[in-house]
Amino acid sequence: MRVLCVAEKPSIAKSITQILSGGQYTTSNSANRYIKNYEFDYPQLGASFTVTSVVGHLFEYDFGPQYKNWSSCDPFVLFDVPVEHKVAQEKVTVAGNLKRLAPSHQELVIWTDCDREGENIGSEVVTVCRSTNRQIRVRRARFSAIIGGQIHRAAQNTVELDMRQAASVEARSIIDLRVGATITRMQTLGLQRLVPQLKDQKLMSYGPCQFPTLGFVVSRYEQVQSFVPESFWFIYLSVARDARNQEDQTEFTWRRGRLFDFDIAVALYEYVLENAMATVTKVTKKNVKKWKPLPLTTVELQKSGSRLLRMAPKKILDVAEKLYQDGFLSYPRTETDIFDPQFDHAALIAKQTVDPAWGAFATGLQQGGYAPPRRGKKDDHAHPPIHPTAHAANLTGDAKRVYEYIARRYLACCSKDAEGFETTVDIVSGGEDFYATGLVVLARNYLDVYPYDKWGDKAIPDFEEGQEFMPSVCELRDGQTSQPTLLTEADLVGLMDKNGIGTDATIAQHIQTIIDREYVIARKDGSTTYLVPSNLGIGLVEGYSRIGFERSLSKPQLRRETERMMVQVCNGAKTKSEMIDESVEQYKHVFVLARNNFNRIVEVFGYPTFVTNLRCTAYIVVSRAFDSICLATEPRRGTLKASVHQMTTMEMLEVAAGGVEEEDEEEDEGMEEEEVPLPQEAVVAEQPDDKRVTPPNDSDDEDYFNDRRPPGGAGIRAEVDQARPAAAIRQPARPPSNGAVLCNCQKPAVERTVTRETANKGRKFWICEDTKCDFFEWFQPEGGSGKVVPAKRTRSE
């Protein structure tokens with residue numbers, strides 16, 4: 001019998017060949033320069049083997065050529081038009097090699113990676129091979145490491161290809177194509193047309209995974225930006241361990257932790273001072289353990305590697321993938337953190353005894369230090385946790401660092417928990433409870449090989465219950481709540497995994513995508529890399545948030561639902577067609593809502609409204625989401641020479657800084673320094689939140705996002721037509737009898753000072769604390785007249 005074996009990558013094909021053939025094989029070239037065909041006899045099955053490979057996926061999904069041009073149809077149409085499934089142009093030679101080999105073989109064995117993606121690639125291989133040999137029998141080899149025992153076992157115990165898993169991946173690919181293409185076209189064409197600052201931005205893509213990923217980054221950024229520190233107070237109490245050394249203090253922690261009310265904190269502190277003698281109420285001594293790490297999953301590898309090795313998650317996975325292909329690691333894409341009870345740990349530990357750094361520890365495991373690994377809660381029933389499969393002695397650079405972390409982690413898993421003896425002393429002083437904790441490490445165990453965890457001794461004097469002592473220090477100390485930090489890549493990996501965004505194998509790629517799209521910027525602070533959303537990324541997320549989706553495009557609910565349906569397809573509870581139909585219907589609803597409210601997205605990018613070509617008061621709003629600032633100018637008379645659609649960002653800032661072209665001085669003579677009333681038909685004012693300026697064309701018109709005419713007058717006319725009457729322009733707030741300034745919602749306004757480097761730096765102004773009230777008024781000395789700038793402001797000044 002002749003058997004055709006197809007691996008997912010050329011390197012895997014070669015490794016499988018070397019193991020199964022014992023090094024005795026012949027090689028021939030294919031039409032693809034990266035792919036070789038290996039032939040040898042396999043006496044264990046009495047068969048002749050041909051081993052070859054593909055290079056990842058063979059097929060691609062796309063729309064027909066009539067839909068290639070973005071102006072060929074309304075984007076909404078792409079939800080329903082036929083999807084073509086064909087061999088990608090760059091994979092034609094790969095498919096040709098399979099078509100040529102298939103007719104001369106009776107059996108096809110799929111050797112792709114054992115996950116959903118691997119099953120889908122395997123189904124593509126089957127489709128190609130059966131195009132030239134419809135009778136070929138199909139089997140599947142299951143393995144998790146490129147080591148002799150597993151490869152021979154897989155070759156001799158093949159199983160059925162899981163077509164349900166393959167179907168779930170195909171459904172997801174079709175959904176991603178329809179949703180990504182539709183929303184990307186709407187988003188890109190709409191913003192290019194309506195936002196001058198973005199007209200040269202080539203692509204503003206949407207992806208069902210990348211946008212929720214971006215949403216996490218923006219959400220944390222906004223938490224950081226809006227953070228206001230709070231002051232708190234706590235009682236600090238300590239006693240000298242040795243009367244001869246007052247600097248060696250044992251600190252006691254206040255059971256209340258901290259208080260945010262100063263008066264209450266002072267009252268409690270004064271009472272403690274008046275009754276400072278401390279009494280020991282309880283001494284607790286017990287044995288404690290520091291748990292060894294769980295077996296290693298892909299997500300944990302990315303998180304720990306990013307935090308400990310300072311490497312990007314994608315880089316870590318790429319290095320681990322190469323180590324796997326070279327036979328040093330097990331398959332690095334796994335959700336499992338449970339080793340099978342029959343797993344042969346002794347053989348793997350023995351391979352590590354020769355290492356000069358941790359070989360002695362591995363030997364200790366053989367001599368009684370071994371303990372079974374902890375059992376986690378996840379099992380994908382496909383691959384074991386990541387572990388070393390062979391000792392690697394000559395690695396360098398990143399490969400050495402990643403291998404060392406995985407090897408040390410595996411040996412730590414096979415060791416015993418660290419053991420210690422903990423003493424906790426509870427005391428009462430002035431009616432308040434305090435405690436101190438000491439620790440003595442009795443056995444380091446796994447800590448000897450795993451330096452990434454820290455656990456050390458903490459000395460504490462001997463105390464007895466009922467003992468009394470006078471504290472050396474008793475102080476009321478203050479502090480402030482700490483600002484949250486921006487997300488690191490490790491933080492983001494954890495959030496994505498928790499919320500079901502992407503898979504263990506794709507999470508790193510989604511993070512890299514939002515960086516490549518310039519939605520997020522990776523910034524180094526010392527040895528830590530933080531993720532900072534760009535102005536474009538912030539604008540997109542804030543724009544969609546304003547629309548008020550039940551399931552926002554920048555939140556994880558929609559993608560989590562898709563992943564849930566994939567599991568249902570894999571389990572047979574749902575078909576591929578049902579998954580596609582349900583998911584597409586969800587996104588259709590979101591798309592219609594987004595398009596009908598697209599003006600809300602445009603507004604986030606500083607879609608400005610102001611008077612043009614009129615001798616009058618001028619004002620402008622530049623959105624913080626796009627320019628990271630919000631400038632309000634002092635009203636001044638002048639003529640604006642550019643229309644809204646023709647102004648660049650820099651020109652807007654010049655206007656905001658006072659760069660309005662002045663009229664001739666002769667014409668200014670005799671004019672009083674106050675606002676000039678404007679005729680109703682000349683006013684172009686900011687619309688209230690419930691009456692947004694609408695785009696030039698009706699949003700239901702299919703030409704709305706396909707009209708490629710240069711933006712200009714139509715937008716201005718639409719704004720003028722919908723402008724508020726002059727009477728609706730806010731007048732300066734009148735202070736009530738108590739001297740307070742009231743805002744538009746009749747609440748006392750708060751005083752702020754401009755801190756940015758502008759012409760108005762140092763000036764004071766009034767605003768409302770409620771972000772929905774866009775009240776603003778310059779502060780004027782008594783007897784002066786404040787002037788209202790009718791512009792919604794941020795708290796950046």
# chains A, B, ... in the order shown; residues from 1 in each chain; ligands from 1
$ residues_around --residues "region 236-240 of chain A" --least-positions-apart "6" --cutoff "6 Å" --atoms "only C-alpha atoms" --output "number ranges by chain"
A: 246, 248-252, 471-475
$ write_last_selection --atoms "N, CA, C and O atoms" --output "PDB file, in the first residue's frame"
ATOM      1  N   GLN A 246      17.081  50.970  67.521  1.00  0.00           N
ATOM      2  CA  GLN A 246      15.748  51.519  67.267  1.00  0.00           C
ATOM      3  C   GLN A 246      15.396  51.566  65.781  1.00  0.00           C
ATOM      4  O   GLN A 246      14.246  51.777  65.426  1.00  0.00           O
ATOM      5  N   ASP A 248      15.736  49.046  63.717  1.00  0.00           N
ATOM      6  CA  ASP A 248      15.241  47.736  63.295  1.00  0.00           C
ATOM      7  C   ASP A 248      13.837  47.548  63.860  1.00  0.00           C
ATOM      8  O   ASP A 248      13.662  47.095  64.993  1.00  0.00           O
ATOM      9  N   GLN A 249      12.838  47.912  63.069  1.00  0.00           N
ATOM     10  CA  GLN A 249      11.466  47.967  63.546  1.00  0.00           C
ATOM     11  C   GLN A 249      10.618  46.826  62.971  1.00  0.00           C
ATOM     12  O   GLN A 249      10.799  46.416  61.823  1.00  0.00           O
ATOM     13  N   THR A 250       9.690  46.339  63.794  1.00  0.00           N
ATOM     14  CA  THR A 250       8.650  45.429  63.322  1.00  0.00           C
ATOM     15  C   THR A 250       7.384  46.247  63.099  1.00  0.00           C
ATOM     16  O   THR A 250       6.870  46.869  64.044  1.00  0.00           O
ATOM     17  N   GLU A 251       6.914  46.273  61.879  1.00  0.00           N
ATOM     18  CA  GLU A 251       5.760  47.100  61.533  1.00  0.00           C
ATOM     19  C   GLU A 251       4.467  46.315  61.737  1.00  0.00           C
ATOM     20  O   GLU A 251       4.374  45.141  61.372  1.00  0.00           O
ATOM     21  N   PHE A 252       3.480  47.003  62.306  1.00  0.00           N
ATOM     22  CA  PHE A 252       2.157  46.427  62.490  1.00  0.00           C
ATOM     23  C   PHE A 252       1.173  47.126  61.540  1.00  0.00           C
ATOM     24  O   PHE A 252       1.177  48.351  61.414  1.00  0.00           O
ATOM     25  N   PRO A 471       4.612  50.868  71.902  1.00  0.00           N
ATOM     26  CA  PRO A 471       5.129  51.009  70.532  1.00  0.00           C
ATOM     27  C   PRO A 471       6.238  52.045  70.450  1.00  0.00           C
ATOM     28  O   PRO A 471       6.220  53.062  71.165  1.00  0.00           O
ATOM     29  N   SER A 472       7.203  51.785  69.607  1.00  0.00           N
ATOM     30  CA  SER A 472       8.286  52.753  69.392  1.00  0.00           C
ATOM     31  C   SER A 472       7.805  53.927  68.553  1.00  0.00           C
ATOM     32  O   SER A 472       8.222  55.072  68.751  1.00  0.00           O
ATOM     33  N   VAL A 473       6.949  53.639  67.573  1.00  0.00           N
ATOM     34  CA  VAL A 473       6.440  54.675  66.673  1.00  0.00           C
ATOM     35  C   VAL A 473       4.929  54.512  66.546  1.00  0.00           C
ATOM     36  O   VAL A 473       4.433  53.399  66.374  1.00  0.00           O
ATOM     37  N   CYS A 474       4.214  55.612  66.672  1.00  0.00           N
ATOM     38  CA  CYS A 474       2.772  55.631  66.405  1.00  0.00           C
ATOM     39  C   CYS A 474       2.461  56.941  65.688  1.00  0.00           C
ATOM     40  O   CYS A 474       2.539  58.023  66.282  1.00  0.00           O
ATOM     41  N   GLU A 475       2.167  56.854  64.411  1.00  0.00           N
ATOM     42  CA  GLU A 475       1.978  58.043  63.591  1.00  0.00           C
ATOM     43  C   GLU A 475       0.713  57.925  62.745  1.00  0.00           C
ATOM     44  O   GLU A 475       0.312  56.822  62.371  1.00  0.00           O
TER      45      GLU A 475
END
$ select_by_dssp --residues "region 31-93 of chain A" --states "helix (DSSP H, G or I)" --output "number ranges by chain"
A: 65-67, 75-79, 89-93
$ atom_distance --atom1 "CA of Ser534 (chain A)" --atom2 "CA of Lys202 (chain A)"
16.0 Å
$ residues_around --residues "Val299 (chain A)" --least-positions-apart "6" --cutoff "12 Å" --atoms "only C-alpha atoms" --output "PyMOL selection string"
chain A and resi 305-306+313-314+316-317+332-337+378+385-386+489-498+500-508
$ residues_around --residues "Gly539 (chain A)" --least-positions-apart "2" --cutoff "8 Å" --atoms "only C-alpha atoms" --output "ChimeraX atom specification"
/A:535-537,541-543,601,604-605,625-626
$ closest_residue --among "A:Ala347, A:Leu323, A:Val138, A:Ile427" --to "Ala392 (chain A)" --atoms "only C-alpha atoms"
A:Leu323
$ residues_around --residues "Pro356 (chain A)" --least-positions-apart "3" --cutoff "12 Å" --atoms "only C-alpha atoms" --output "ChimeraX atom specification"
/A:352-353,359-363,391-393,404
$ select_by_dssp --residues "region 397-517 of chain A" --states "strand (DSSP E)" --output "PyMOL selection string"
chain A and resi 418-429+432-443+468-469+473-480
$ residues_around --residues "region 261-272 of chain A" --least-positions-apart "4" --cutoff "9 Å" --atoms "only C-alpha atoms" --output "PyMOL selection string"
chain A and resi 231-235+276-277+429-432+474-476
$ write_last_selection --atoms "C-alpha atoms" --output "JSON list (two decimals), in the first residue's frame"
[["chain", "number", "residue", "atom", "x", "y", "z"],
["A", 231, "SER", "CA", -6.20, 61.20, 49.88],
["A", 232, "PHE", "CA", -6.39, 58.68, 52.67],
["A", 233, "TRP", "CA", -4.97, 58.27, 56.16],
["A", 234, "PHE", "CA", -3.80, 55.32, 58.23],
["A", 235, "ILE", "CA", -2.24, 54.67, 61.60],
["A", 276, "ALA", "CA", -0.88, 53.67, 73.38],
["A", 277, "MET", "CA", 0.06, 50.62, 75.47],
["A", 429, "SER", "CA", -3.66, 49.57, 70.94],
["A", 430, "GLY", "CA", -6.13, 52.29, 71.91],
["A", 431, "GLY", "CA", -9.01, 50.03, 70.96],
["A", 432, "GLU", "CA", -7.70, 49.58, 67.40],
["A", 474, "CYS", "CA", 2.77, 55.63, 66.41],
["A", 475, "GLU", "CA", 1.98, 58.04, 63.59],
["A", 476, "LEU", "CA", -0.95, 59.14, 61.47]]
$ closest_residue --among "A:Gln187, A:Ser131, A:Gln66, A:Gln106" --to "Phe49 (chain A)" --atoms "only C-alpha atoms"
A:Gln106
$ closest_residue --among "A:Asp453, A:Asp398, A:Glu518, A:Asp41" --to "Ala418 (chain A)" --atoms "only C-alpha atoms"
A:Asp453
$ closest_residue --among "A:Gly526, A:Gly122, A:Gly456, A:Pro229" --to "His57 (chain A)" --atoms "only C-alpha atoms"
A:Gly122
$ closest_residue --among "A:Ser545, A:Thr281, A:Ser104, A:Asn571" --to "Gln165 (chain A)" --atoms "only C-alpha atoms"
A:Asn571
